[in-house]
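Peer 1: Sharing a structure, written as structure tokens. Questions coming.
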Amino acid sequence: KKKPPPAATVTSSLISLLTGVCEELSFRVILLPVLALRLGAPGAPSVELGLAASTLSFAVAHISFGGGLRENLVTVGLQCVTGFWFGVAYVLSGFNLVVPAAVHGAYDAFTLLETHVRVTSQIEYAERMADEAMATARPDPTVLRDEVWRRVETVEWLGKADRGFERYIRTLFFLADSDRDGGIDRGELRYALRQFGREPASEEEMDTLLERAFGDPEAQRLDAEQFARVVLELRDDLS
């Protein structure tokens, strides 16, 4: 596995430390005691209820308004787990900010570095596979299946008709191919179309798009040619 560059390590560490301190100060040091007082009996703050409520608040604060329902549910679930343990660390340490901030910072640093390595590796894979496909795949005018690539070749991209759009499509396809098996499922297709700025709002809209693109609304897995048809269909909608 490729090691992250020193700059990425230092940057992610600083961001993680700052995030850990700010979020723990907000949700544990400030919010937890306030909620414990409000949710507990008069004169008897409930640390347990304060911990639970501050954990839920912490999780909800991580919702992405641009994300889908499933994505946000996963996010809330994950943040409930991590937020709970950050809160437990705060309580068990005698309400010492340093402990949860350090744990939080270490967790964020690991997550950022792991994401950096994974994304960098996927980009390298996508660019390599796209280059290989560009070098070996020349549309054959006698093959009906290659008709889509002949259409792609005629598209001007960044002011030029030099197969730049084809490379863009192929790179986007392999970026979405997270398991690197040469195809993309519906979840990976959604990711790719999100990068294209045209993610379907529902499964019904996805079915309609696939029907219009290549006649199979129930397709669960797409190859590069089918993905190109989907992109061309969306591009035609924009023109």
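Residue numbering restarts at 1 for every chain of the structure tokens, chains are lettered A, B, ... in their displayed order, and ligands are numbered from 1 as they appear.
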For Val231 (chain A), work out the shell of residues within 12 Å, counting only C-alpha atoms and skipping chain neighbours fewer than 4 positions away, then give it as a PDB file with all heavy atoms, in the first residue's frame.
Peer 2:
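Output (around15.pdb):
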ATOM      1  N   VAL A 148     -21.703   3.355 -29.502  1.00  0.00           N
ATOM      2  CA  VAL A 148     -21.676   4.363 -28.446  1.00  0.00           C
ATOM      3  C   VAL A 148     -20.319   5.049 -28.369  1.00  0.00           C
ATOM      4  O   VAL A 148     -20.224   6.260 -28.161  1.00  0.00           O
ATOM      5  CB  VAL A 148     -22.046   3.741 -27.079  1.00  0.00           C
ATOM      6  CG1 VAL A 148     -21.027   2.704 -26.644  1.00  0.00           C
ATOM      7  CG2 VAL A 148     -22.166   4.830 -26.022  1.00  0.00           C
ATOM      8  N   TRP A 149     -19.243   4.291 -28.575  1.00  0.00           N
ATOM      9  CA  TRP A 149     -17.913   4.894 -28.502  1.00  0.00           C
ATOM     10  C   TRP A 149     -17.652   5.787 -29.709  1.00  0.00           C
ATOM     11  O   TRP A 149     -16.922   6.777 -29.607  1.00  0.00           O
ATOM     12  CB  TRP A 149     -16.843   3.808 -28.386  1.00  0.00           C
ATOM     13  CG  TRP A 149     -16.961   3.024 -27.115  1.00  0.00           C
ATOM     14  CD1 TRP A 149     -17.231   1.699 -26.986  1.00  0.00           C
ATOM     15  CD2 TRP A 149     -16.844   3.537 -25.782  1.00  0.00           C
ATOM     16  NE1 TRP A 149     -17.293   1.343 -25.665  1.00  0.00           N
ATOM     17  CE2 TRP A 149     -17.054   2.450 -24.897  1.00  0.00           C
ATOM     18  CE3 TRP A 149     -16.590   4.797 -25.242  1.00  0.00           C
ATOM     19  CZ2 TRP A 149     -17.012   2.595 -23.516  1.00  0.00           C
ATOM     20  CZ3 TRP A 149     -16.551   4.943 -23.866  1.00  0.00           C
ATOM     21  CH2 TRP A 149     -16.760   3.856 -23.015  1.00  0.00           C
ATOM     22  N   ARG A 151     -19.971   7.603 -31.019  1.00  0.00           N
ATOM     23  CA  ARG A 151     -20.668   8.830 -30.625  1.00  0.00           C
ATOM     24  C   ARG A 151     -19.825   9.632 -29.638  1.00  0.00           C
ATOM     25  O   ARG A 151     -19.731  10.857 -29.732  1.00  0.00           O
ATOM     26  CB  ARG A 151     -22.016   8.496 -29.989  1.00  0.00           C
ATOM     27  CG  ARG A 151     -23.091   8.033 -30.947  1.00  0.00           C
ATOM     28  CD  ARG A 151     -24.354   7.666 -30.180  1.00  0.00           C
ATOM     29  NE  ARG A 151     -24.873   8.796 -29.412  1.00  0.00           N
ATOM     30  CZ  ARG A 151     -25.752   8.680 -28.412  1.00  0.00           C
ATOM     31  NH1 ARG A 151     -26.187   7.478 -28.051  1.00  0.00           N
ATOM     32  NH2 ARG A 151     -26.178   9.750 -27.775  1.00  0.00           N
ATOM     33  N   VAL A 152     -19.205   8.916 -28.700  1.00  0.00           N
ATOM     34  CA  VAL A 152     -18.385   9.586 -27.692  1.00  0.00           C
ATOM     35  C   VAL A 152     -17.223  10.324 -28.343  1.00  0.00           C
ATOM     36  O   VAL A 152     -16.867  11.440 -27.946  1.00  0.00           O
ATOM     37  CB  VAL A 152     -17.867   8.558 -26.659  1.00  0.00           C
ATOM     38  CG1 VAL A 152     -16.771   9.174 -25.792  1.00  0.00           C
ATOM     39  CG2 VAL A 152     -19.008   8.058 -25.778  1.00  0.00           C
ATOM     40  N   VAL A 155     -17.790  13.942 -29.451  1.00  0.00           N
ATOM     41  CA  VAL A 155     -18.132  14.964 -28.459  1.00  0.00           C
ATOM     42  C   VAL A 155     -16.927  15.864 -28.195  1.00  0.00           C
ATOM     43  O   VAL A 155     -15.827  15.385 -27.915  1.00  0.00           O
ATOM     44  CB  VAL A 155     -18.586  14.314 -27.138  1.00  0.00           C
ATOM     45  CG1 VAL A 155     -18.802  15.388 -26.072  1.00  0.00           C
ATOM     46  CG2 VAL A 155     -19.866  13.519 -27.351  1.00  0.00           C
ATOM     47  N   PHE A 165     -13.378  13.408 -24.066  1.00  0.00           N
ATOM     48  CA  PHE A 165     -14.619  13.030 -23.381  1.00  0.00           C
ATOM     49  C   PHE A 165     -14.643  11.527 -23.128  1.00  0.00           C
ATOM     50  O   PHE A 165     -15.129  11.068 -22.096  1.00  0.00           O
ATOM     51  CB  PHE A 165     -15.825  13.450 -24.223  1.00  0.00           C
ATOM     52  CG  PHE A 165     -17.140  13.322 -23.498  1.00  0.00           C
ATOM     53  CD1 PHE A 165     -17.370  14.009 -22.322  1.00  0.00           C
ATOM     54  CD2 PHE A 165     -18.149  12.514 -24.002  1.00  0.00           C
ATOM     55  CE1 PHE A 165     -18.587  13.895 -21.650  1.00  0.00           C
ATOM     56  CE2 PHE A 165     -19.362  12.399 -23.340  1.00  0.00           C
ATOM     57  CZ  PHE A 165     -19.580  13.091 -22.159  1.00  0.00           C
ATOM     58  N   GLU A 166     -14.109  10.774 -24.073  1.00  0.00           N
ATOM     59  CA  GLU A 166     -14.035   9.322 -23.879  1.00  0.00           C
ATOM     60  C   GLU A 166     -13.165   8.988 -22.668  1.00  0.00           C
ATOM     61  O   GLU A 166     -13.519   8.136 -21.848  1.00  0.00           O
ATOM     62  CB  GLU A 166     -13.463   8.641 -25.121  1.00  0.00           C
ATOM     63  CG  GLU A 166     -13.326   7.129 -24.959  1.00  0.00           C
ATOM     64  CD  GLU A 166     -12.650   6.461 -26.146  1.00  0.00           C
ATOM     65  OE1 GLU A 166     -12.432   7.132 -27.173  1.00  0.00           O
ATOM     66  OE2 GLU A 166     -12.330   5.261 -26.023  1.00  0.00           O
ATOM     67  N   TYR A 168     -12.578  10.901 -20.146  1.00  0.00           N
ATOM     68  CA  TYR A 168     -13.309  11.345 -18.958  1.00  0.00           C
ATOM     69  C   TYR A 168     -14.316  10.277 -18.525  1.00  0.00           C
ATOM     70  O   TYR A 168     -14.400   9.923 -17.339  1.00  0.00           O
ATOM     71  CB  TYR A 168     -14.025  12.660 -19.259  1.00  0.00           C
ATOM     72  CG  TYR A 168     -15.022  13.088 -18.204  1.00  0.00           C
ATOM     73  CD1 TYR A 168     -14.600  13.614 -16.990  1.00  0.00           C
ATOM     74  CD2 TYR A 168     -16.392  12.965 -18.430  1.00  0.00           C
ATOM     75  CE1 TYR A 168     -15.513  14.006 -16.021  1.00  0.00           C
ATOM     76  CE2 TYR A 168     -17.310  13.355 -17.468  1.00  0.00           C
ATOM     77  CZ  TYR A 168     -16.867  13.870 -16.269  1.00  0.00           C
ATOM     78  OH  TYR A 168     -17.775  14.249 -15.313  1.00  0.00           O
ATOM     79  N   ILE A 169     -15.070   9.746 -19.484  1.00  0.00           N
ATOM     80  CA  ILE A 169     -16.078   8.732 -19.169  1.00  0.00           C
ATOM     81  C   ILE A 169     -15.422   7.474 -18.615  1.00  0.00           C
ATOM     82  O   ILE A 169     -15.864   6.905 -17.613  1.00  0.00           O
ATOM     83  CB  ILE A 169     -16.912   8.390 -20.423  1.00  0.00           C
ATOM     84  CG1 ILE A 169     -17.838   9.552 -20.772  1.00  0.00           C
ATOM     85  CG2 ILE A 169     -17.732   7.118 -20.194  1.00  0.00           C
ATOM     86  CD1 ILE A 169     -18.658   9.321 -22.023  1.00  0.00           C
ATOM     87  N   ARG A 170     -14.357   7.037 -19.269  1.00  0.00           N
ATOM     88  CA  ARG A 170     -13.698   5.807 -18.822  1.00  0.00           C
ATOM     89  C   ARG A 170     -13.081   5.993 -17.428  1.00  0.00           C
ATOM     90  O   ARG A 170     -13.151   5.093 -16.585  1.00  0.00           O
ATOM     91  CB  ARG A 170     -12.629   5.389 -19.836  1.00  0.00           C
ATOM     92  CG  ARG A 170     -13.197   4.910 -21.175  1.00  0.00           C
ATOM     93  CD  ARG A 170     -12.097   4.328 -22.056  1.00  0.00           C
ATOM     94  NE  ARG A 170     -12.561   3.950 -23.376  1.00  0.00           N
ATOM     95  CZ  ARG A 170     -13.182   2.808 -23.673  1.00  0.00           C
ATOM     96  NH1 ARG A 170     -13.440   1.933 -22.715  1.00  0.00           N
ATOM     97  NH2 ARG A 170     -13.541   2.536 -24.917  1.00  0.00           N
ATOM     98  N   LEU A 172     -14.079   8.106 -15.090  1.00  0.00           N
ATOM     99  CA  LEU A 172     -15.182   8.183 -14.137  1.00  0.00           C
ATOM    100  C   LEU A 172     -15.742   6.794 -13.842  1.00  0.00           C
ATOM    101  O   LEU A 172     -16.071   6.470 -12.694  1.00  0.00           O
ATOM    102  CB  LEU A 172     -16.279   9.087 -14.701  1.00  0.00           C
ATOM    103  CG  LEU A 172     -17.403   9.521 -13.755  1.00  0.00           C
ATOM    104  CD1 LEU A 172     -16.840  10.213 -12.524  1.00  0.00           C
ATOM    105  CD2 LEU A 172     -18.376  10.439 -14.484  1.00  0.00           C
ATOM    106  N   PHE A 173     -15.818   5.965 -14.868  1.00  0.00           N
ATOM    107  CA  PHE A 173     -16.313   4.598 -14.697  1.00  0.00           C
ATOM    108  C   PHE A 173     -15.413   3.815 -13.742  1.00  0.00           C
ATOM    109  O   PHE A 173     -15.893   3.175 -12.800  1.00  0.00           O
ATOM    110  CB  PHE A 173     -16.372   3.898 -16.059  1.00  0.00           C
ATOM    111  CG  PHE A 173     -16.721   2.436 -15.982  1.00  0.00           C
ATOM    112  CD1 PHE A 173     -18.036   2.029 -15.816  1.00  0.00           C
ATOM    113  CD2 PHE A 173     -15.737   1.464 -16.075  1.00  0.00           C
ATOM    114  CE1 PHE A 173     -18.368   0.678 -15.738  1.00  0.00           C
ATOM    115  CE2 PHE A 173     -16.055   0.115 -16.000  1.00  0.00           C
ATOM    116  CZ  PHE A 173     -17.373  -0.279 -15.831  1.00  0.00           C
ATOM    117  N   LEU A 189     -22.866   3.256  -9.561  1.00  0.00           N
ATOM    118  CA  LEU A 189     -23.377   4.126 -10.621  1.00  0.00           C
ATOM    119  C   LEU A 189     -23.863   5.447 -10.038  1.00  0.00           C
ATOM    120  O   LEU A 189     -23.615   6.517 -10.607  1.00  0.00           O
ATOM    121  CB  LEU A 189     -24.515   3.431 -11.368  1.00  0.00           C
ATOM    122  CG  LEU A 189     -25.238   4.272 -12.434  1.00  0.00           C
ATOM    123  CD1 LEU A 189     -24.269   4.732 -13.520  1.00  0.00           C
ATOM    124  CD2 LEU A 189     -26.395   3.478 -13.046  1.00  0.00           C
ATOM    125  N   ARG A 190     -24.540   5.381  -8.905  1.00  0.00           N
ATOM    126  CA  ARG A 190     -24.995   6.614  -8.252  1.00  0.00           C
ATOM    127  C   ARG A 190     -23.809   7.512  -7.911  1.00  0.00           C
ATOM    128  O   ARG A 190     -23.861   8.730  -8.080  1.00  0.00           O
ATOM    129  CB  ARG A 190     -25.780   6.287  -6.981  1.00  0.00           C
ATOM    130  CG  ARG A 190     -27.213   5.878  -7.228  1.00  0.00           C
ATOM    131  CD  ARG A 190     -28.011   5.838  -5.936  1.00  0.00           C
ATOM    132  NE  ARG A 190     -29.410   5.623  -6.222  1.00  0.00           N
ATOM    133  CZ  ARG A 190     -30.251   6.574  -6.572  1.00  0.00           C
ATOM    134  NH1 ARG A 190     -29.815   7.826  -6.662  1.00  0.00           N
ATOM    135  NH2 ARG A 190     -31.512   6.319  -6.821  1.00  0.00           N
ATOM    136  N   ALA A 192     -20.912   7.623  -9.421  1.00  0.00           N
ATOM    137  CA  ALA A 192     -20.369   8.192 -10.658  1.00  0.00           C
ATOM    138  C   ALA A 192     -21.241   9.332 -11.170  1.00  0.00           C
ATOM    139  O   ALA A 192     -20.734  10.384 -11.573  1.00  0.00           O
ATOM    140  CB  ALA A 192     -20.246   7.104 -11.721  1.00  0.00           C
ATOM    141  N   LEU A 193     -22.548   9.138 -11.147  1.00  0.00           N
ATOM    142  CA  LEU A 193     -23.447  10.174 -11.649  1.00  0.00           C
ATOM    143  C   LEU A 193     -23.466  11.390 -10.729  1.00  0.00           C
ATOM    144  O   LEU A 193     -23.715  12.511 -11.175  1.00  0.00           O
ATOM    145  CB  LEU A 193     -24.859   9.603 -11.816  1.00  0.00           C
ATOM    146  CG  LEU A 193     -24.987   8.483 -12.855  1.00  0.00           C
ATOM    147  CD1 LEU A 193     -26.437   8.035 -12.974  1.00  0.00           C
ATOM    148  CD2 LEU A 193     -24.450   8.928 -14.213  1.00  0.00           C
ATOM    149  N   ARG A 194     -23.180  11.169  -9.451  1.00  0.00           N
ATOM    150  CA  ARG A 194     -23.074  12.302  -8.529  1.00  0.00           C
ATOM    151  C   ARG A 194     -21.889  13.180  -8.916  1.00  0.00           C
ATOM    152  O   ARG A 194     -21.964  14.405  -8.859  1.00  0.00           O
ATOM    153  CB  ARG A 194     -22.912  11.788  -7.100  1.00  0.00           C
ATOM    154  CG  ARG A 194     -23.031  12.873  -6.022  1.00  0.00           C
ATOM    155  CD  ARG A 194     -22.860  12.258  -4.643  1.00  0.00           C
ATOM    156  NE  ARG A 194     -23.768  11.139  -4.453  1.00  0.00           N
ATOM    157  CZ  ARG A 194     -23.458  10.038  -3.784  1.00  0.00           C
ATOM    158  NH1 ARG A 194     -22.252   9.897  -3.248  1.00  0.00           N
ATOM    159  NH2 ARG A 194     -24.340   9.068  -3.647  1.00  0.00           N
ATOM    160  N   GLN A 195     -20.780  12.544  -9.332  1.00  0.00           N
ATOM    161  CA  GLN A 195     -19.624  13.314  -9.787  1.00  0.00           C
ATOM    162  C   GLN A 195     -19.947  14.061 -11.081  1.00  0.00           C
ATOM    163  O   GLN A 195     -19.405  15.130 -11.352  1.00  0.00           O
ATOM    164  CB  GLN A 195     -18.414  12.394 -10.016  1.00  0.00           C
ATOM    165  CG  GLN A 195     -18.106  11.417  -8.896  1.00  0.00           C
ATOM    166  CD  GLN A 195     -18.143  12.045  -7.519  1.00  0.00           C
ATOM    167  OE1 GLN A 195     -17.458  13.020  -7.258  1.00  0.00           O
ATOM    168  NE2 GLN A 195     -18.951  11.483  -6.627  1.00  0.00           N
ATOM    169  N   PHE A 196     -20.833  13.472 -11.865  1.00  0.00           N
ATOM    170  CA  PHE A 196     -21.260  14.089 -13.125  1.00  0.00           C
ATOM    171  C   PHE A 196     -22.305  15.177 -12.882  1.00  0.00           C
ATOM    172  O   PHE A 196     -22.660  15.930 -13.775  1.00  0.00           O
ATOM    173  CB  PHE A 196     -21.839  13.002 -14.044  1.00  0.00           C
ATOM    174  CG  PHE A 196     -22.047  13.421 -15.468  1.00  0.00           C
ATOM    175  CD1 PHE A 196     -20.986  13.828 -16.263  1.00  0.00           C
ATOM    176  CD2 PHE A 196     -23.312  13.405 -16.030  1.00  0.00           C
ATOM    177  CE1 PHE A 196     -21.179  14.211 -17.578  1.00  0.00           C
ATOM    178  CE2 PHE A 196     -23.521  13.783 -17.348  1.00  0.00           C
ATOM    179  CZ  PHE A 196     -22.442  14.188 -18.124  1.00  0.00           C
ATOM    180  N   GLY A 197     -22.794  15.245 -11.637  1.00  0.00           N
ATOM    181  CA  GLY A 197     -23.790  16.244 -11.284  1.00  0.00           C
ATOM    182  C   GLY A 197     -25.208  15.880 -11.655  1.00  0.00           C
ATOM    183  O   GLY A 197     -26.085  16.740 -11.684  1.00  0.00           O
ATOM    184  N   ARG A 198     -25.463  14.582 -11.908  1.00  0.00           N
ATOM    185  CA  ARG A 198     -26.799  14.186 -12.356  1.00  0.00           C
ATOM    186  C   ARG A 198     -27.274  12.907 -11.664  1.00  0.00           C
ATOM    187  O   ARG A 198     -27.773  11.991 -12.304  1.00  0.00           O
ATOM    188  CB  ARG A 198     -26.809  13.987 -13.879  1.00  0.00           C
ATOM    189  CG  ARG A 198     -26.497  15.221 -14.697  1.00  0.00           C
ATOM    190  CD  ARG A 198     -27.503  16.338 -14.484  1.00  0.00           C
ATOM    191  NE  ARG A 198     -28.862  15.906 -14.754  1.00  0.00           N
ATOM    192  CZ  ARG A 198     -29.404  15.858 -15.970  1.00  0.00           C
ATOM    193  NH1 ARG A 198     -28.688  16.198 -17.026  1.00  0.00           N
ATOM    194  NH2 ARG A 198     -30.648  15.472 -16.134  1.00  0.00           N
ATOM    195  N   GLU A 199     -27.137  12.821 -10.362  1.00  0.00           N
ATOM    196  CA  GLU A 199     -27.580  11.630  -9.639  1.00  0.00           C
ATOM    197  C   GLU A 199     -29.105  11.545  -9.632  1.00  0.00           C
ATOM    198  O   GLU A 199     -29.778  12.519  -9.280  1.00  0.00           O
ATOM    199  CB  GLU A 199     -27.073  11.649  -8.199  1.00  0.00           C
ATOM    200  CG  GLU A 199     -27.497  10.434  -7.392  1.00  0.00           C
ATOM    201  CD  GLU A 199     -27.063  10.513  -5.944  1.00  0.00           C
ATOM    202  OE1 GLU A 199     -26.513  11.554  -5.545  1.00  0.00           O
ATOM    203  OE2 GLU A 199     -27.279   9.533  -5.212  1.00  0.00           O
ATOM    204  N   LEU A 209     -33.971   6.127 -16.374  1.00  0.00           N
ATOM    205  CA  LEU A 209     -32.721   6.497 -17.033  1.00  0.00           C
ATOM    206  C   LEU A 209     -32.097   5.290 -17.730  1.00  0.00           C
ATOM    207  O   LEU A 209     -31.665   5.379 -18.888  1.00  0.00           O
ATOM    208  CB  LEU A 209     -31.745   7.079 -16.006  1.00  0.00           C
ATOM    209  CG  LEU A 209     -30.326   7.382 -16.495  1.00  0.00           C
ATOM    210  CD1 LEU A 209     -30.351   8.413 -17.617  1.00  0.00           C
ATOM    211  CD2 LEU A 209     -29.463   7.879 -15.335  1.00  0.00           C
ATOM    212  N   LEU A 210     -32.056   4.150 -17.051  1.00  0.00           N
ATOM    213  CA  LEU A 210     -31.463   2.950 -17.643  1.00  0.00           C
ATOM    214  C   LEU A 210     -32.297   2.449 -18.818  1.00  0.00           C
ATOM    215  O   LEU A 210     -31.749   1.955 -19.811  1.00  0.00           O
ATOM    216  CB  LEU A 210     -31.330   1.856 -16.578  1.00  0.00           C
ATOM    217  CG  LEU A 210     -30.411   2.176 -15.393  1.00  0.00           C
ATOM    218  CD1 LEU A 210     -30.340   0.994 -14.440  1.00  0.00           C
ATOM    219  CD2 LEU A 210     -29.015   2.560 -15.859  1.00  0.00           C
ATOM    220  N   ARG A 212     -34.087   4.334 -20.850  1.00  0.00           N
ATOM    221  CA  ARG A 212     -33.826   5.236 -21.975  1.00  0.00           C
ATOM    222  C   ARG A 212     -32.436   5.036 -22.548  1.00  0.00           C
ATOM    223  O   ARG A 212     -32.226   5.159 -23.760  1.00  0.00           O
ATOM    224  CB  ARG A 212     -33.988   6.687 -21.516  1.00  0.00           C
ATOM    225  CG  ARG A 212     -35.431   7.107 -21.281  1.00  0.00           C
ATOM    226  CD  ARG A 212     -35.520   8.388 -20.478  1.00  0.00           C
ATOM    227  NE  ARG A 212     -34.604   9.412 -20.975  1.00  0.00           N
ATOM    228  CZ  ARG A 212     -34.229  10.472 -20.259  1.00  0.00           C
ATOM    229  NH1 ARG A 212     -34.673  10.620 -19.021  1.00  0.00           N
ATOM    230  NH2 ARG A 212     -33.424  11.370 -20.781  1.00  0.00           N
ATOM    231  N   ALA A 213     -31.465   4.723 -21.677  1.00  0.00           N
ATOM    232  CA  ALA A 213     -30.075   4.632 -22.127  1.00  0.00           C
ATOM    233  C   ALA A 213     -29.801   3.358 -22.913  1.00  0.00           C
ATOM    234  O   ALA A 213     -29.183   3.397 -23.983  1.00  0.00           O
ATOM    235  CB  ALA A 213     -29.134   4.730 -20.933  1.00  0.00           C
ATOM    236  N   PHE A 214     -30.255   2.212 -22.381  1.00  0.00           N
ATOM    237  CA  PHE A 214     -29.956   0.964 -23.104  1.00  0.00           C
ATOM    238  C   PHE A 214     -31.028  -0.110 -22.951  1.00  0.00           C
ATOM    239  O   PHE A 214     -30.792  -1.291 -23.220  1.00  0.00           O
ATOM    240  CB  PHE A 214     -28.585   0.397 -22.688  1.00  0.00           C
ATOM    241  CG  PHE A 214     -28.411   0.185 -21.205  1.00  0.00           C
ATOM    242  CD1 PHE A 214     -28.827  -0.984 -20.596  1.00  0.00           C
ATOM    243  CD2 PHE A 214     -27.814   1.159 -20.431  1.00  0.00           C
ATOM    244  CE1 PHE A 214     -28.653  -1.184 -19.235  1.00  0.00           C
ATOM    245  CE2 PHE A 214     -27.627   0.974 -19.066  1.00  0.00           C
ATOM    246  CZ  PHE A 214     -28.053  -0.201 -18.467  1.00  0.00           C
ATOM    247  N   ALA A 224     -18.602  -0.718 -19.078  1.00  0.00           N
ATOM    248  CA  ALA A 224     -18.205   0.623 -19.506  1.00  0.00           C
ATOM    249  C   ALA A 224     -19.076   1.134 -20.648  1.00  0.00           C
ATOM    250  O   ALA A 224     -19.416   2.325 -20.702  1.00  0.00           O
ATOM    251  CB  ALA A 224     -16.735   0.621 -19.921  1.00  0.00           C
ATOM    252  N   GLU A 225     -19.450   0.247 -21.558  1.00  0.00           N
ATOM    253  CA  GLU A 225     -20.271   0.662 -22.699  1.00  0.00           C
ATOM    254  C   GLU A 225     -21.653   1.126 -22.243  1.00  0.00           C
ATOM    255  O   GLU A 225     -22.167   2.146 -22.700  1.00  0.00           O
ATOM    256  CB  GLU A 225     -20.383  -0.506 -23.689  1.00  0.00           C
ATOM    257  CG  GLU A 225     -21.177  -0.186 -24.948  1.00  0.00           C
ATOM    258  CD  GLU A 225     -22.604  -0.718 -24.884  1.00  0.00           C
ATOM    259  OE1 GLU A 225     -22.909  -1.485 -23.953  1.00  0.00           O
ATOM    260  OE2 GLU A 225     -23.410  -0.346 -25.752  1.00  0.00           O
ATOM    261  N   GLN A 226     -22.246   0.402 -21.307  1.00  0.00           N
ATOM    262  CA  GLN A 226     -23.558   0.800 -20.790  1.00  0.00           C
ATOM    263  C   GLN A 226     -23.465   2.104 -20.011  1.00  0.00           C
ATOM    264  O   GLN A 226     -24.351   2.960 -20.097  1.00  0.00           O
ATOM    265  CB  GLN A 226     -24.119  -0.320 -19.906  1.00  0.00           C
ATOM    266  CG  GLN A 226     -24.505  -1.567 -20.680  1.00  0.00           C
ATOM    267  CD  GLN A 226     -24.822  -2.731 -19.766  1.00  0.00           C
ATOM    268  OE1 GLN A 226     -24.114  -2.974 -18.776  1.00  0.00           O
ATOM    269  NE2 GLN A 226     -25.876  -3.464 -20.074  1.00  0.00           N
ATOM    270  N   PHE A 227     -22.381   2.264 -19.256  1.00  0.00           N
ATOM    271  CA  PHE A 227     -22.198   3.512 -18.517  1.00  0.00           C
ATOM    272  C   PHE A 227     -22.065   4.688 -19.481  1.00  0.00           C
ATOM    273  O   PHE A 227     -22.617   5.765 -19.241  1.00  0.00           O
ATOM    274  CB  PHE A 227     -20.958   3.418 -17.627  1.00  0.00           C
ATOM    275  CG  PHE A 227     -20.636   4.693 -16.905  1.00  0.00           C
ATOM    276  CD1 PHE A 227     -21.474   5.180 -15.915  1.00  0.00           C
ATOM    277  CD2 PHE A 227     -19.494   5.423 -17.218  1.00  0.00           C
ATOM    278  CE1 PHE A 227     -21.193   6.370 -15.248  1.00  0.00           C
ATOM    279  CE2 PHE A 227     -19.202   6.606 -16.563  1.00  0.00           C
ATOM    280  CZ  PHE A 227     -20.054   7.078 -15.574  1.00  0.00           C
ATOM    281  N   ARG A 235     -26.235  13.702 -20.975  1.00  0.00           N
ATOM    282  CA  ARG A 235     -25.665  14.848 -21.678  1.00  0.00           C
ATOM    283  C   ARG A 235     -26.651  15.382 -22.716  1.00  0.00           C
ATOM    284  O   ARG A 235     -26.773  16.588 -22.911  1.00  0.00           O
ATOM    285  CB  ARG A 235     -24.349  14.458 -22.353  1.00  0.00           C
ATOM    286  CG  ARG A 235     -23.567  15.645 -22.881  1.00  0.00           C
ATOM    287  CD  ARG A 235     -22.214  15.219 -23.425  1.00  0.00           C
ATOM    288  NE  ARG A 235     -21.439  16.381 -23.820  1.00  0.00           N
ATOM    289  CZ  ARG A 235     -21.579  17.018 -24.969  1.00  0.00           C
ATOM    290  NH1 ARG A 235     -22.471  16.598 -25.841  1.00  0.00           N
ATOM    291  NH2 ARG A 235     -20.841  18.081 -25.258  1.00  0.00           N
ATOM    292  N   ASP A 236     -27.372  14.478 -23.373  1.00  0.00           N
ATOM    293  CA  ASP A 236     -28.381  14.912 -24.343  1.00  0.00           C
ATOM    294  C   ASP A 236     -29.478  15.714 -23.661  1.00  0.00           C
ATOM    295  O   ASP A 236     -30.034  16.651 -24.235  1.00  0.00           O
ATOM    296  CB  ASP A 236     -28.985  13.699 -25.054  1.00  0.00           C
ATOM    297  CG  ASP A 236     -27.993  13.043 -26.016  1.00  0.00           C
ATOM    298  OD1 ASP A 236     -27.000  13.703 -26.373  1.00  0.00           O
ATOM    299  OD2 ASP A 236     -28.213  11.870 -26.382  1.00  0.00           O
ATOM    300  N   ASP A 237     -29.788  15.347 -22.404  1.00  0.00           N
ATOM    301  CA  ASP A 237     -30.807  16.086 -21.652  1.00  0.00           C
ATOM    302  C   ASP A 237     -30.367  17.523 -21.386  1.00  0.00           C
ATOM    303  O   ASP A 237     -31.194  18.434 -21.295  1.00  0.00           O
ATOM    304  CB  ASP A 237     -31.083  15.402 -20.310  1.00  0.00           C
ATOM    305  CG  ASP A 237     -31.893  14.121 -20.485  1.00  0.00           C
ATOM    306  OD1 ASP A 237     -32.428  13.914 -21.594  1.00  0.00           O
ATOM    307  OD2 ASP A 237     -31.983  13.344 -19.523  1.00  0.00           O
ATOM    308  N   LEU A 238     -29.050  17.708 -21.242  1.00  0.00           N
ATOM    309  CA  LEU A 238     -28.531  19.039 -20.940  1.00  0.00           C
ATOM    310  C   LEU A 238     -28.455  19.925 -22.173  1.00  0.00           C
ATOM    311  O   LEU A 238     -28.423  21.148 -22.069  1.00  0.00           O
ATOM    312  CB  LEU A 238     -27.132  18.929 -20.322  1.00  0.00           C
ATOM    313  CG  LEU A 238     -27.059  18.285 -18.934  1.00  0.00           C
ATOM    314  CD1 LEU A 238     -25.601  18.117 -18.521  1.00  0.00           C
ATOM    315  CD2 LEU A 238     -27.798  19.124 -17.906  1.00  0.00           C
TER     316      LEU A 238
END
Peer 1: Do you know which residues are at most 12 Å from Ala53 (chain A) counting only C-alpha atoms, after dropping those on the same chain fewer than 3 positions away, and could you put them as a list of chain:residue names?
Peer 2: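 Using only C-alpha atoms, the neighbours found are A:Phe27, A:Arg28, A:Leu31, A:Leu32, A:Pro33, A:Val34, A:Leu35, A:Ala36, A:Leu37, A:Arg38, A:Leu39, A:Gly40, A:Ser46, A:Val47, A:Glu48, A:Leu49, A:Gly50, A:Leu56, A:Ser57, A:Phe58, A:Ala59, A:Val60, A:Cys80, A:Gly83, A:Phe84, A:Gly87.
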Peer 1: Find the spatial neighbours of Thr171 (chain A), counting only C-alpha atoms, within a cut-off of 6 Å - ignore same-chain residues fewer than 5 positions away - and output them as a PDB file with C-alpha atoms, in the first residue's frame.
Peer 2:
ATOM      1  CA  ALA A 126      -8.906   4.635 -12.654  1.00  0.00           C
ATOM      2  CA  GLU A 127      -6.328   6.590 -14.624  1.00  0.00           C
ATOM      3  CA  ALA A 130      -8.662   4.393 -18.597  1.00  0.00           C
TER       4      ALA A 130
END
Peer 1: Could you name the residues that touch region 100-109 of chain A at 9 Å or less, counting only C-alpha atoms, but leaving out those on the same chain fewer than 2 positions away, as a VMD selection string?
Peer 2: chain A and resid 9 12 to 25 28 82 to 83 85 to 90 93 96 to 98 111 to 114
